[in-house]
>>> print(open('target-v1.txt').read())   # compact mmCIF, C-alpha atoms
# COMPACT_ATOMS: atom_id res chain seq x y z
CA MET A 251 37.80 23.73 -32.41
CA ALA A 252 37.52 19.95 -32.44
CA GLY A 253 39.44 19.88 -29.17
CA SER A 254 37.02 22.25 -27.53
CA ILE A 255 34.06 20.18 -28.65
CA ILE A 256 35.63 17.05 -27.17
CA ASN A 257 36.33 18.95 -23.96
CA ARG A 258 32.73 20.06 -23.88
CA LEU A 259 31.56 16.51 -24.44
CA ILE A 260 33.72 15.15 -21.63
CA MET A 261 32.48 17.86 -19.32
CA PHE A 262 28.91 17.14 -20.42
CA VAL A 263 29.11 13.44 -19.60
CA THR A 264 31.04 13.98 -16.37
CA LEU A 265 28.63 16.57 -15.02
CA LEU A 266 25.65 14.44 -16.02
CA LEU A 267 26.99 11.34 -14.28
CA VAL A 268 28.14 13.20 -11.18
CA GLN A 269 24.76 14.87 -10.89
CA VAL A 270 22.55 11.83 -11.34
CA LEU A 271 24.74 9.35 -9.50
CA VAL A 272 25.97 11.41 -6.59
CA LEU A 273 24.60 14.89 -6.17
CA ASN A 274 20.93 14.09 -6.69
CA HIS A 275 21.11 11.95 -3.58
CA VAL A 276 22.44 14.79 -1.49
CA TRP A 277 19.59 16.34 0.45
CA LEU A 278 21.33 18.39 3.10
CA LEU A 279 19.08 19.34 6.05
CA ASN A 280 16.11 18.47 3.82
CA VAL A 281 16.58 21.63 1.80
CA ALA A 282 19.80 21.83 -0.19
CA THR A 283 20.71 19.80 -3.25
CA PRO A 284 23.78 20.86 -5.21
CA LEU A 285 22.89 21.44 -8.87
CA LEU A 286 26.42 21.38 -10.20
CA TYR A 287 25.47 21.02 -13.87
CA VAL A 288 24.87 24.79 -14.07
CA PHE A 289 28.65 24.89 -14.21
CA PHE A 290 28.32 23.64 -17.78
CA VAL A 291 26.46 26.76 -18.89
CA ILE A 292 28.56 29.16 -16.88
CA THR A 293 31.81 28.08 -18.47
CA PHE A 294 30.86 28.66 -22.11
CA PRO A 295 33.61 30.94 -23.46
CA ARG A 296 32.88 34.41 -24.67
CA ASN A 297 31.35 34.72 -28.17
CA SER A 298 30.25 31.13 -28.38
CA ALA A 299 27.48 30.78 -30.94
CA LYS A 300 24.33 31.50 -28.96
CA GLY A 301 22.37 28.79 -30.72
CA GLU A 302 24.98 26.23 -29.77
CA VAL A 303 24.96 27.27 -26.13
CA LEU A 304 21.21 26.88 -26.07
CA ALA A 305 21.28 23.48 -27.75
CA TRP A 306 24.03 22.06 -25.52
CA SER A 307 22.36 23.29 -22.34
CA PHE A 308 18.97 22.04 -23.37
CA CYS A 309 20.40 18.59 -24.07
CA LEU A 310 22.14 18.42 -20.70
CA GLY A 311 18.99 19.55 -18.94
CA LEU A 312 16.95 17.00 -20.86
CA LEU A 313 19.23 14.14 -19.84
CA ILE A 314 19.26 15.29 -16.22
CA ASP A 315 15.46 15.34 -16.37
CA LEU A 316 15.43 11.89 -17.84
CA PHE A 317 17.44 10.49 -14.98
CA SER A 318 15.81 12.34 -12.14
CA ASN A 319 12.17 12.11 -13.30
CA THR A 320 11.62 15.82 -13.56
CA PRO A 321 10.53 16.19 -17.19
CA GLY A 322 11.00 19.71 -18.51
CA MET A 323 12.22 21.25 -15.28
CA ALA A 324 15.98 21.15 -15.73
CA SER A 325 15.83 21.50 -19.52
CA GLY A 326 13.61 24.58 -19.37
CA THR A 327 15.70 26.25 -16.71
CA MET A 328 18.97 25.37 -18.40
CA THR A 329 17.72 26.90 -21.65
CA LEU A 330 16.75 30.09 -19.86
CA VAL A 331 20.13 30.39 -18.16
CA ALA A 332 21.88 29.58 -21.43
CA LEU A 333 20.07 32.45 -23.09
CA LEU A 334 21.16 34.92 -20.43
CA GLN A 335 24.74 33.71 -20.04
CA PRO A 336 26.30 35.46 -23.11
CA TYR A 337 24.63 38.80 -22.32
CA LEU A 338 25.56 38.67 -18.67
CA LEU A 339 29.11 37.65 -19.48
CA GLU A 340 29.58 40.80 -21.60
CA LEU A 341 29.07 42.88 -18.46
CA PHE A 342 31.86 41.08 -16.66
CA VAL A 343 34.65 40.63 -19.21
CA PRO A 344 37.57 43.01 -18.72
CA ARG A 345 38.24 45.53 -21.45
CA ASP A 346 40.37 44.45 -24.45
CA SER A 347 40.32 40.78 -23.52
CA ALA A 348 40.43 37.91 -25.98
CA ASP A 349 37.43 37.16 -28.16
CA ASN A 350 37.09 33.60 -26.94
CA LEU A 351 37.86 34.40 -23.33
CA GLU A 352 37.44 31.39 -21.06
CA VAL A 353 35.26 31.81 -18.03
CA LYS A 354 37.32 31.10 -14.94
CA SER A 355 38.74 32.98 -12.02
CA ALA A 356 42.17 33.16 -13.61
CA THR A 357 40.90 35.20 -16.57
CA LEU A 358 38.01 37.13 -15.04
CA GLY A 359 39.45 37.71 -11.59
CA TRP A 360 37.99 36.23 -8.43
CA THR A 361 35.42 38.89 -7.65
CA LYS A 362 33.97 39.05 -11.12
CA TYR A 363 34.01 35.31 -11.60
CA LEU A 364 32.27 34.77 -8.27
CA THR A 365 29.65 37.42 -8.90
CA PHE A 366 28.99 36.14 -12.39
CA SER A 367 28.56 32.50 -11.39
CA LEU A 368 26.64 33.44 -8.26
CA ILE A 369 24.08 35.38 -10.29
CA LEU A 370 23.58 32.55 -12.77
CA THR A 371 23.48 29.82 -10.14
CA PHE A 372 21.05 31.73 -7.99
CA LEU A 373 18.85 32.40 -10.98
CA TYR A 374 19.00 28.77 -11.94
CA CYS A 375 18.06 27.51 -8.48
CA LEU A 376 15.33 30.12 -8.17
CA VAL A 377 13.63 29.11 -11.40
CA PHE A 378 14.25 25.39 -10.93
CA PHE A 379 12.68 25.20 -7.50
CA ALA A 380 9.92 27.54 -8.58
CA LEU A 381 9.04 25.06 -11.29
CA GLU A 382 9.27 22.26 -8.79
CA ALA A 383 7.01 23.94 -6.25
CA PHE A 384 5.06 25.62 -9.04
CA ASN A 385 2.63 27.42 -6.84
CA PHE A 386 4.10 29.76 -4.29
CA PHE A 387 2.09 28.68 -1.30
CA GLU A 388 5.25 27.59 0.47
CA TRP A 389 7.38 30.46 -0.62
CA GLN A 390 9.56 30.24 2.50
CA LEU A 391 10.54 26.67 1.70
CA TRP A 392 11.10 27.67 -1.88
CA LEU A 393 13.49 30.47 -0.92
CA LEU A 394 15.22 28.28 1.63
CA ARG A 395 15.85 25.59 -0.94
CA THR A 396 17.00 28.13 -3.49
CA VAL A 397 19.50 29.72 -1.13
CA GLY A 398 20.67 26.40 0.30
CA SER A 399 21.22 24.84 -3.09
CA THR A 400 22.93 27.96 -4.41
CA VAL A 401 25.38 27.94 -1.53
CA LEU A 402 26.16 24.24 -1.94
CA THR A 403 26.58 24.56 -5.69
CA MET A 404 28.83 27.59 -5.31
CA ILE A 405 31.09 25.77 -2.87
CA LEU A 406 31.50 22.90 -5.32
CA MET A 407 32.12 25.25 -8.22
CA ILE A 408 34.78 27.20 -6.37
CA ALA A 409 36.48 23.93 -5.52
CA ILE A 410 36.45 22.82 -9.16
CA ASP A 411 37.62 26.22 -10.36
CA SER A 412 40.56 26.29 -7.98
CA VAL A 413 41.62 22.88 -9.27
CA ARG A 414 41.21 23.95 -12.88
CA SER A 415 43.15 27.16 -12.46
CA LYS A 416 46.29 25.44 -11.25
CA MET B 281 14.49 39.71 -48.08
CA ARG B 282 18.09 40.44 -47.29
CA ASN B 283 17.02 42.29 -44.22
CA LEU B 284 14.91 39.39 -43.16
CA LEU B 285 17.84 37.01 -43.54
CA ASP B 286 20.07 39.36 -41.57
CA PHE B 287 17.43 39.59 -38.90
CA LEU B 288 17.18 35.82 -38.71
CA LYS B 289 20.96 35.48 -38.57
CA GLU B 290 21.21 38.03 -35.82
CA TYR B 291 18.39 36.78 -33.69
CA HIS B 292 18.05 33.14 -34.59
CA HIS B 293 19.04 32.11 -31.08
CA TRP B 294 15.90 33.74 -29.77
CA PHE B 295 13.84 31.42 -31.92
CA ILE B 296 15.87 28.46 -30.75
CA PHE B 297 15.30 29.63 -27.22
CA ILE B 298 11.54 29.87 -27.65
CA LEU B 299 11.43 26.50 -29.38
CA LEU B 300 13.40 24.78 -26.62
CA GLU B 301 11.37 26.44 -23.89
CA VAL B 302 8.16 25.35 -25.54
CA ALA B 303 9.54 21.82 -25.71
CA SER B 304 10.45 21.98 -22.01
CA GLY B 305 7.08 23.38 -21.12
CA PHE B 306 5.41 20.63 -23.06
CA LEU B 307 7.43 18.02 -21.17
CA LEU B 308 6.72 19.77 -17.90
CA PHE B 309 2.96 19.75 -18.30
CA GLN B 310 2.62 16.56 -20.26
CA TYR B 311 4.57 14.23 -18.02
CA ASN B 312 4.34 15.89 -14.68
CA SER B 313 0.86 15.38 -13.38
CA TYR B 314 1.53 17.65 -10.41
CA GLN B 315 2.39 20.71 -12.48
CA GLY B 316 -0.43 19.81 -14.84
CA SER B 317 -2.97 19.79 -12.07
CA ALA B 318 -1.46 22.79 -10.32
CA TRP B 319 -1.96 24.76 -13.50
CA PHE B 320 -5.66 24.58 -13.00
CA SER B 321 -5.95 24.72 -9.27
CA SER B 322 -3.47 27.51 -8.65
CA ALA B 323 -5.67 29.72 -10.82
CA ASN B 324 -8.30 29.17 -8.17
CA ALA B 325 -6.46 29.15 -4.86
CA VAL B 326 -9.65 29.71 -2.86
CA ALA B 327 -11.26 26.58 -4.21
CA GLY B 328 -8.06 24.66 -3.49
CA LYS B 329 -8.05 25.80 0.10
CA VAL B 330 -11.69 24.89 0.55
CA TYR B 331 -11.11 21.43 -0.89
CA GLU B 332 -8.17 21.01 1.43
CA TRP B 333 -10.33 21.78 4.45
CA GLU B 334 -12.99 19.47 3.20
CA SER B 335 -10.58 16.61 2.77
CA GLU B 336 -9.10 17.28 6.20
CA ALA B 337 -12.56 17.02 7.70
CA THR B 338 -13.75 14.00 5.75
CA LYS B 339 -10.44 12.23 6.28
CA PHE B 340 -11.09 12.34 10.00
CA PHE B 341 -14.59 10.96 9.65
CA THR B 342 -13.75 8.22 7.20
CA LEU B 343 -10.92 7.26 9.52
CA SER B 344 -13.27 6.61 12.40
CA GLN B 345 -15.60 4.75 10.09
CA ALA B 346 -12.75 2.61 8.88
CA ASN B 347 -11.79 1.96 12.48
CA GLU B 348 -15.31 0.81 13.25
CA GLU B 349 -15.42 -1.47 10.27
CA LEU B 350 -12.09 -2.98 11.23
CA THR B 351 -13.30 -3.69 14.74
CA THR B 352 -16.40 -5.44 13.43
CA ARG B 353 -14.40 -7.30 10.89
CA ASN B 354 -11.78 -8.33 13.39
CA PHE B 355 -14.38 -9.63 15.78
CA TYR B 356 -16.18 -11.48 13.02
CA LEU B 357 -12.98 -13.10 11.82
CA GLU B 358 -11.98 -14.10 15.30
CA ARG B 359 -15.36 -15.75 15.71
CA GLN B 360 -14.99 -17.44 12.39
CA VAL B 361 -11.57 -18.81 13.20
CA ASP B 362 -12.93 -20.28 16.37
CA GLN B 363 -15.92 -21.74 14.54
CA LEU B 364 -13.73 -23.23 11.87
CA LYS B 365 -11.39 -24.72 14.43
CA ARG B 366 -14.25 -26.44 16.12
CA LEU B 367 -15.69 -27.35 12.78
CA TYR B 368 -12.45 -28.96 11.77
CA ALA B 369 -12.32 -30.94 14.96
CA ASP B 370 -15.89 -32.03 14.60
CA LEU B 371 -15.68 -32.78 10.92
CA THR B 372 -13.06 -35.38 11.46
CA LYS B 373 -15.80 -37.27 13.32
CA ASP B 374 -18.97 -36.08 11.70
CA THR B 375 -20.29 -35.33 8.24
CA THR B 376 -21.40 -32.08 6.64
CA VAL B 377 -24.43 -31.79 8.89
CA MET B 378 -22.07 -30.16 11.36
CA GLU B 379 -21.09 -27.54 8.87
CA ARG B 380 -24.63 -26.37 8.32
CA ASN B 381 -25.22 -26.23 12.03
CA GLU B 382 -22.11 -24.18 12.55
CA LEU B 383 -22.98 -21.69 9.85
CA GLN B 384 -26.43 -21.31 11.29
CA PHE B 385 -24.89 -20.77 14.67
CA LEU B 386 -22.63 -18.09 13.32
CA SER B 387 -25.40 -16.24 11.52
CA GLN B 388 -27.58 -15.88 14.58
CA TYR B 389 -25.40 -13.11 15.98
CA LYS B 390 -25.65 -9.57 14.77
CA LEU B 391 -22.91 -7.08 15.58
CA ILE B 392 -23.74 -3.46 16.34
CA PRO B 393 -20.65 -1.25 16.19
CA ALA B 394 -20.55 1.38 18.91
CA LYS B 395 -18.22 3.99 20.35
CA VAL B 396 -17.22 4.28 23.97
CA VAL B 397 -18.19 7.78 25.10
CA ASP B 398 -17.43 7.41 28.78
CA ASN B 399 -15.19 4.99 30.57
CA SER B 400 -13.21 4.50 33.75
CA VAL B 401 -10.75 1.91 35.01
CA HIS B 402 -9.58 3.23 38.36
CA LYS B 403 -12.67 2.52 40.48
CA THR B 404 -13.75 -0.86 41.77
CA GLU B 405 -17.15 -0.49 40.16
CA ASN B 406 -16.40 0.91 36.78
CA LEU B 407 -19.12 1.60 34.28
CA MET B 408 -18.88 2.41 30.63
CA THR B 409 -21.22 4.32 28.33
CA ILE B 410 -21.53 3.60 24.61
CA ASP B 411 -23.25 5.67 21.96
CA LYS B 412 -25.77 3.09 20.76
CA GLY B 413 -29.14 2.47 22.38
CA ARG B 414 -32.56 0.98 21.90
CA ALA B 415 -32.99 2.78 18.59
CA ASP B 416 -29.98 0.90 17.26
CA GLY B 417 -31.17 -2.46 18.51
CA VAL B 418 -29.23 -2.64 21.75
CA GLU B 419 -31.00 -4.36 24.62
CA VAL B 420 -30.22 -5.16 28.22
CA ASP B 421 -27.97 -8.19 28.79
CA MET B 422 -26.35 -8.11 25.41
CA GLY B 423 -22.64 -8.80 25.31
CA VAL B 424 -20.12 -6.15 24.34
CA ALA B 425 -16.77 -7.01 22.80
CA CYS B 426 -14.02 -5.24 20.98
CA GLY B 427 -11.58 -6.48 18.38
CA ARG B 428 -9.21 -7.73 21.06
CA GLY B 429 -11.63 -9.46 23.39
CA VAL B 430 -14.58 -9.19 25.74
CA VAL B 431 -15.61 -5.87 27.21
CA GLY B 432 -18.73 -6.42 29.26
CA VAL B 433 -22.50 -6.71 29.37
CA VAL B 434 -25.15 -4.09 28.61
CA TYR B 435 -26.82 -3.03 31.85
CA LEU B 436 -29.06 -0.08 31.07
CA VAL B 437 -30.42 1.11 27.74
CA SER B 438 -31.81 4.47 26.73
CA ASP B 439 -32.87 5.44 23.23
CA HIS B 440 -29.43 6.37 22.01
CA TYR B 441 -27.01 5.35 24.74
CA SER B 442 -26.30 2.30 26.83
CA VAL B 443 -24.45 1.68 30.04
CA VAL B 444 -22.19 -1.34 30.02
CA ILE B 445 -20.87 -3.23 33.01
CA PRO B 446 -17.33 -3.98 31.92
CA VAL B 447 -15.23 -6.87 33.14
CA LEU B 448 -13.59 -4.28 35.40
CA ASN B 449 -16.55 -4.12 37.77
CA ALA B 450 -15.70 -5.97 40.93
CA THR B 451 -19.24 -6.41 42.25
CA SER B 452 -21.41 -6.95 39.20
CA SER B 453 -19.37 -8.50 36.44
CA ARG B 454 -19.42 -12.30 36.15
CA ILE B 455 -18.78 -13.61 32.70
CA SER B 456 -18.80 -17.30 32.06
CA CYS B 457 -15.61 -18.38 30.38
CA ALA B 458 -13.66 -21.48 29.50
CA ILE B 459 -10.15 -22.61 28.69
CA ARG B 460 -9.81 -22.67 24.94
CA ASN B 461 -9.88 -26.14 23.38
CA ARG B 462 -10.27 -27.79 26.79
CA GLY B 463 -13.77 -26.76 27.74
CA TYR B 464 -13.35 -26.48 31.52
CA PHE B 465 -15.26 -23.42 32.55
CA GLY B 466 -15.43 -20.92 35.35
CA TYR B 467 -16.45 -17.32 35.68
CA LEU B 468 -14.44 -14.18 35.32
CA HIS B 469 -14.05 -11.99 38.37
CA TRP B 470 -12.12 -8.79 38.82
CA TYR B 471 -11.06 -7.62 42.27
CA GLY B 472 -10.17 -4.04 41.48
CA GLY B 473 -6.72 -2.57 41.17
CA ASP B 474 -4.73 -3.51 38.08
CA PRO B 475 -7.04 -3.09 35.05
CA THR B 476 -5.10 -5.66 33.03
CA VAL B 477 -5.52 -8.62 35.38
CA ALA B 478 -8.66 -10.58 36.31
CA TYR B 479 -9.34 -14.01 37.80
CA VAL B 480 -11.26 -17.03 36.61
CA GLU B 481 -12.87 -18.82 39.55
CA ASP B 482 -14.50 -22.20 40.02
CA VAL B 483 -12.29 -24.03 37.58
CA PRO B 484 -12.52 -27.69 38.66
CA ARG B 485 -9.53 -29.29 40.35
CA HIS B 486 -9.23 -31.98 37.76
CA ALA B 487 -9.00 -29.52 34.89
CA LYS B 488 -5.84 -29.80 32.81
CA PHE B 489 -4.32 -26.65 31.37
CA ARG B 490 -1.01 -24.94 30.90
CA LEU B 491 0.07 -21.43 31.79
CA GLY B 492 -0.15 -19.14 28.77
CA GLU B 493 -3.22 -20.83 27.39
CA TRP B 494 -6.13 -18.70 26.26
CA ILE B 495 -9.28 -18.11 28.22
CA VAL B 496 -12.32 -17.54 26.02
CA THR B 497 -16.01 -17.04 26.67
CA SER B 498 -17.83 -20.31 27.15
CA GLY B 499 -21.06 -19.49 25.32
CA PHE B 500 -23.21 -20.90 28.12
CA SER B 501 -24.73 -17.62 29.16
CA SER B 502 -26.21 -16.65 25.77
CA ILE B 503 -24.75 -13.21 26.36
CA PHE B 504 -21.54 -13.99 24.57
CA PRO B 505 -21.08 -16.51 21.83
CA SER B 506 -18.35 -18.98 22.64
CA GLY B 507 -14.78 -18.30 21.68
CA VAL B 508 -14.45 -14.55 22.26
CA SER B 509 -11.02 -14.15 23.75
CA VAL B 510 -10.68 -12.97 27.34
CA GLY B 511 -6.99 -13.29 28.09
CA LYS B 512 -4.08 -15.56 28.86
CA ILE B 513 -3.56 -17.65 31.97
CA GLU B 514 -0.68 -16.18 33.92
CA GLN B 515 -0.80 -18.10 37.19
CA ALA B 516 -2.97 -20.69 38.92
CA TYR B 517 -3.90 -20.66 42.60
CA ASN B 518 -6.01 -22.90 44.82
CA SER B 519 -9.31 -21.41 45.84
CA ARG B 520 -9.90 -20.68 49.47
CA ASP B 521 -11.98 -23.80 50.06
CA GLY B 522 -9.50 -25.89 48.12
CA LEU B 523 -12.17 -27.34 45.84
CA SER B 524 -11.28 -25.42 42.70
CA TYR B 525 -8.59 -23.46 40.95
CA LYS B 526 -8.39 -19.74 40.62
CA LEU B 527 -6.60 -18.61 37.47
CA LYS B 528 -4.91 -15.27 37.16
CA VAL B 529 -5.65 -13.97 33.65
CA ARG B 530 -3.88 -11.25 31.73
CA LEU B 531 -6.81 -9.58 29.92
CA SER B 532 -6.43 -9.20 26.18
CA THR B 533 -8.65 -6.12 26.10
CA ASP B 534 -6.95 -2.88 27.05
CA PHE B 535 -9.76 -1.12 28.88
CA SER B 536 -7.80 2.06 29.38
CA CYS B 537 -7.75 2.90 25.67
CA LEU B 538 -11.01 1.42 24.53
CA ARG B 539 -12.81 3.30 21.77
CA ASP B 540 -14.56 1.06 19.24
CA VAL B 541 -16.64 -1.82 20.51
CA CYS B 542 -19.33 -4.16 19.19
CA VAL B 543 -22.60 -5.01 20.84
CA ILE B 544 -23.43 -8.64 20.15
CA SER B 545 -27.07 -9.00 19.40
CA ASP B 546 -28.25 -12.58 19.66
CA LYS B 547 -31.54 -13.16 17.89
CA SER B 548 -32.20 -16.25 19.95
CA ILE B 549 -31.70 -14.48 23.26
CA ALA B 550 -35.33 -13.38 23.60
CA GLU B 551 -36.46 -16.88 22.80
CA ARG B 552 -34.17 -18.37 25.40
CA ALA B 553 -35.22 -15.81 27.99
CA ALA B 554 -38.88 -16.44 27.30
CA LEU B 555 -38.36 -20.17 27.58
CA LEU B 556 -36.49 -19.80 30.84
CA GLN B 557 -39.22 -17.53 32.19
CA ALA B 558 -41.86 -20.03 31.13
CA ALA B 559 -39.98 -22.80 32.90
CA ARG B 560 -39.73 -20.74 36.10
CA ASP B 561 -43.38 -19.83 35.95
CA SER B 562 -44.43 -23.43 35.54
CA ILE B 563 -42.26 -24.48 38.47
CA ASN B 564 -43.82 -21.73 40.59
CA VAL B 565 -47.29 -22.89 39.60
CA VAL B 566 -46.41 -26.46 40.52
CA ASN B 567 -44.98 -25.33 43.85
CA LYS B 568 -48.08 -23.30 44.69
CA LYS B 569 -50.30 -26.24 44.08
>>> encode(input="target-v1.txt", output="structure tokens")
Amino acid sequence: MAGSIINRLIMFVTLLLVQVLVLNHVWLLNVATPLLYVFFVITFPRNSAKGEVLAWSFCLGLLIDLFSNTPGMASGTMTLVALLQPYLLELFVPRDSADNLEVKSATLGWTKYLTFSLILTFLYCLVFFALEAFNFFEWQLWLLRTVGSTVLTMILMIAIDSVRSK
Amino acid sequence: MRNLLDFLKEYHHWFIFILLEVASGFLLFQYNSYQGSAWFSSANAVAGKVYEWESEATKFFTLSQANEELTTRNFYLERQVDQLKRLYADLTKDTTVMERNELQFLSQYKLIPAKVVDNSVHKTENLMTIDKGRADGVEVDMGVACGRGVVGVVYLVSDHYSVVIPVLNATSSRISCAIRNRGYFGYLHWYGGDPTVAYVEDVPRHAKFRLGEWIVTSGFSSIFPSGVSVGKIEQAYNSRDGLSYKLKVRLSTDFSCLRDVCVISDKSIAERAALLQAARDSINVVNKK
């Protein structure tokens, strides 16, 4: 239990630093920014206390906001995704799997893992950029940024997952 | 009670969720002026669009106004620099009487900003039309300048428009000018062709100058005040009769993209003209007798 909290904390700090120091400066083709910190929410194991998931995610979002001058945007979206994550995960876990099943390709299987993280990442990007644009006058740009960022984030997450699974 | 506790235990994360979202929303609207303002305006998209058009339109107009002001300002400052330079030179010899004279001198000119509405550079007798006329105080024989240098002299005036003979008029334009800080003067003549090059003729043989020095208006004609820049000396030739120099001048005004100009209204011009007329009349009377 203590070990998992420390792991969480390390992941928390790493994702925060990577995001604010490196990934926030990526602005591929003027549309896509990888939002890798969603990875933090996605990887909460099955049956984590829902309140905890919410609190952790909110904190990470808040710190990201603090660094990137987007008050409330990342924290609000992270909280929303954190609320949905446990319910969505139930749809994807294989039958008679462990109670505290870890979320990675090795345990879920590639297809399910990909679908699961794709749904959450897409949702995250959709809401995040919606909050950023706020009014939908430029809905094409909004969709473009959502899709672009989702793709970039997914590529990074697959890379991390393949390293973690070995 | 027990049920309530069970309910809270089961669904407490929903309350946490709502609490955190409210906190995020508060941050979002409190610290993000854009979302804060969009909250109001997006409820009224029509009004937003209308305001956008309005600002597009007014932006254009204020831009041209700003341009005009800058031209006037630029011209005024250029004049002032020249005045102050001369003032400095004179002050080293004279007392503050000079200063008052200079300031008086400066205040006798009034600048009327105008827009070029018609222009040409490719003929030998180019004319230019500006959108200010008698109603705005423009009169015949007033000088016209832009922020970068001389333009020409007002030739015809209607109520709201004026025709200007620019420097680029080979037959009619003769502007008296001098070499800056040296005082030797001649008059500016353009022969057609290249709209960036004109010639200063009748510069005395004994005049000393260097290539690259500035030619400015001399102020003798009462059309232009002294010190309005004309251009830089590029080359010097002997005149045909060998009695004077002819200077090739690279004009500082770009006539091919002229838009904002100033008409220089000299309050003393009428007085000078009347005096000159009186002098001529009296000479005629004497001659007749």
>>> residues_around(input="target-v1.txt", residues="Leu338 of chain A", least_positions_apart="5", cutoff="12 Å", atoms="all atoms listed in the file", output="number ranges by chain")
A: 291-292, 294, 296-297, 331-333, 343, 353, 362-363, 365-370, 373
>>> interface_residues(input="target-v1.txt", of="chain A", to="chain B", cutoff="8 Å", atoms="all atoms listed in the file", output="list in words")
Lys300, Gly301, Leu304, Ala305, Phe308, Thr320, Pro321, Gly322, Met323, Ser325, Gly326, Thr329, Leu330, Leu333, Glu382, Phe384 and Asn385 of chain A
>>> atom_distance(input="target-v1.txt", atom1="atom CA of Gln335 of chain A", atom2="atom CA of Thr371 of chain A")
10.7 Å
>>> atom_distance(input="target-v1.txt", atom1="atom CA of Thr264 of chain A", atom2="atom CA of Thr327 of chain A")
19.6 Å
>>> closest_residue(input="target-v1.txt", among="B:Val483, B:Val529, B:Val477, B:Ala369", to="Ile495 of chain B", atoms="all atoms listed in the file")
B:Val529
>>> atom_distance(input="target-v1.txt", atom1="atom CA of Tyr471 of chain B", atom2="atom CA of Glu405 of chain B")
9.6 Å
>>> residues_around(input="target-v1.txt", residues="Thr497 of chain B", least_positions_apart="2", cutoff="8 Å", atoms="all atoms listed in the file", output="tab-separated table (two decimals) with C-alpha atoms, in the coordinates of the input")
chain	number	residue	atom	x	y	z
B	455	ILE	CA	-18.78	-13.61	32.70
B	456	SER	CA	-18.80	-17.30	32.06
B	457	CYS	CA	-15.61	-18.38	30.38
B	458	ALA	CA	-13.66	-21.48	29.50
B	495	ILE	CA	-9.28	-18.11	28.22
B	499	GLY	CA	-21.06	-19.49	25.32
B	504	PHE	CA	-21.54	-13.99	24.57
B	505	PRO	CA	-21.08	-16.51	21.83
B	506	SER	CA	-18.35	-18.98	22.64
B	507	GLY	CA	-14.78	-18.30	21.68
B	508	VAL	CA	-14.45	-14.55	22.26
B	509	SER	CA	-11.02	-14.15	23.75
B	510	VAL	CA	-10.68	-12.97	27.34
>>> axis_aligned_box(input="target-v1.txt", around="segment 404-412 of chain A", padding_each_side="8 Å", output="AutoDock Vina command-line options")
--center_x 34.7 --center_y 25.2 --center_z -6.6 --size_x 27.7 --size_y 20.8 --size_z 23.5
>>> residues_around(input="target-v1.txt", residues="Asp411 of chain B", least_positions_apart="6", cutoff="8 Å", atoms="only C-alpha atoms", output="CSV table (one decimal) with C-alpha atoms, keeping the file's coordinate frame")
chain,number,residue,atom,x,y,z
B,394,ALA,CA,-20.6,1.4,18.9
B,395,LYS,CA,-18.2,4.0,20.4
B,396,VAL,CA,-17.2,4.3,24.0
B,397,VAL,CA,-18.2,7.8,25.1
B,440,HIS,CA,-29.4,6.4,22.0
B,441,TYR,CA,-27.0,5.4,24.7
B,442,SER,CA,-26.3,2.3,26.8
>>> closest_residue(input="target-v1.txt", among="B:Leu556, B:Ala478, B:Ala516, B:Leu357", to="Arg490 of chain B", atoms="all atoms listed in the file")
B:Ala516
>>> residues_around(input="target-v1.txt", residues="Leu376 of chain A", least_positions_apart="2", cutoff="9 Å", atoms="only C-alpha atoms", output="list of chain:residue names")
A:Thr371, A:Phe372, A:Leu373, A:Tyr374, A:Phe378, A:Phe379, A:Ala380, A:Leu381, A:Trp392, A:Leu393, A:Arg395, A:Thr396, A:Val397, A:Thr400
>>> closest_residue(input="target-v1.txt", among="A:Leu364, A:Asn274, A:Pro295, A:Leu285", to="Ala348 of chain A", atoms="all atoms listed in the file")
A:Pro295
>>> closest_residue(input="target-v1.txt", among="A:Val270, A:Leu394, A:Leu351, A:Leu358", to="Phe317 of chain A", atoms="only C-alpha atoms")
A:Val270
>>> closest_residue(input="target-v1.txt", among="B:Asp439, B:Asp474, B:Asp362, B:Asp416", to="Lys403 of chain B", atoms="only C-alpha atoms")
B:Asp474
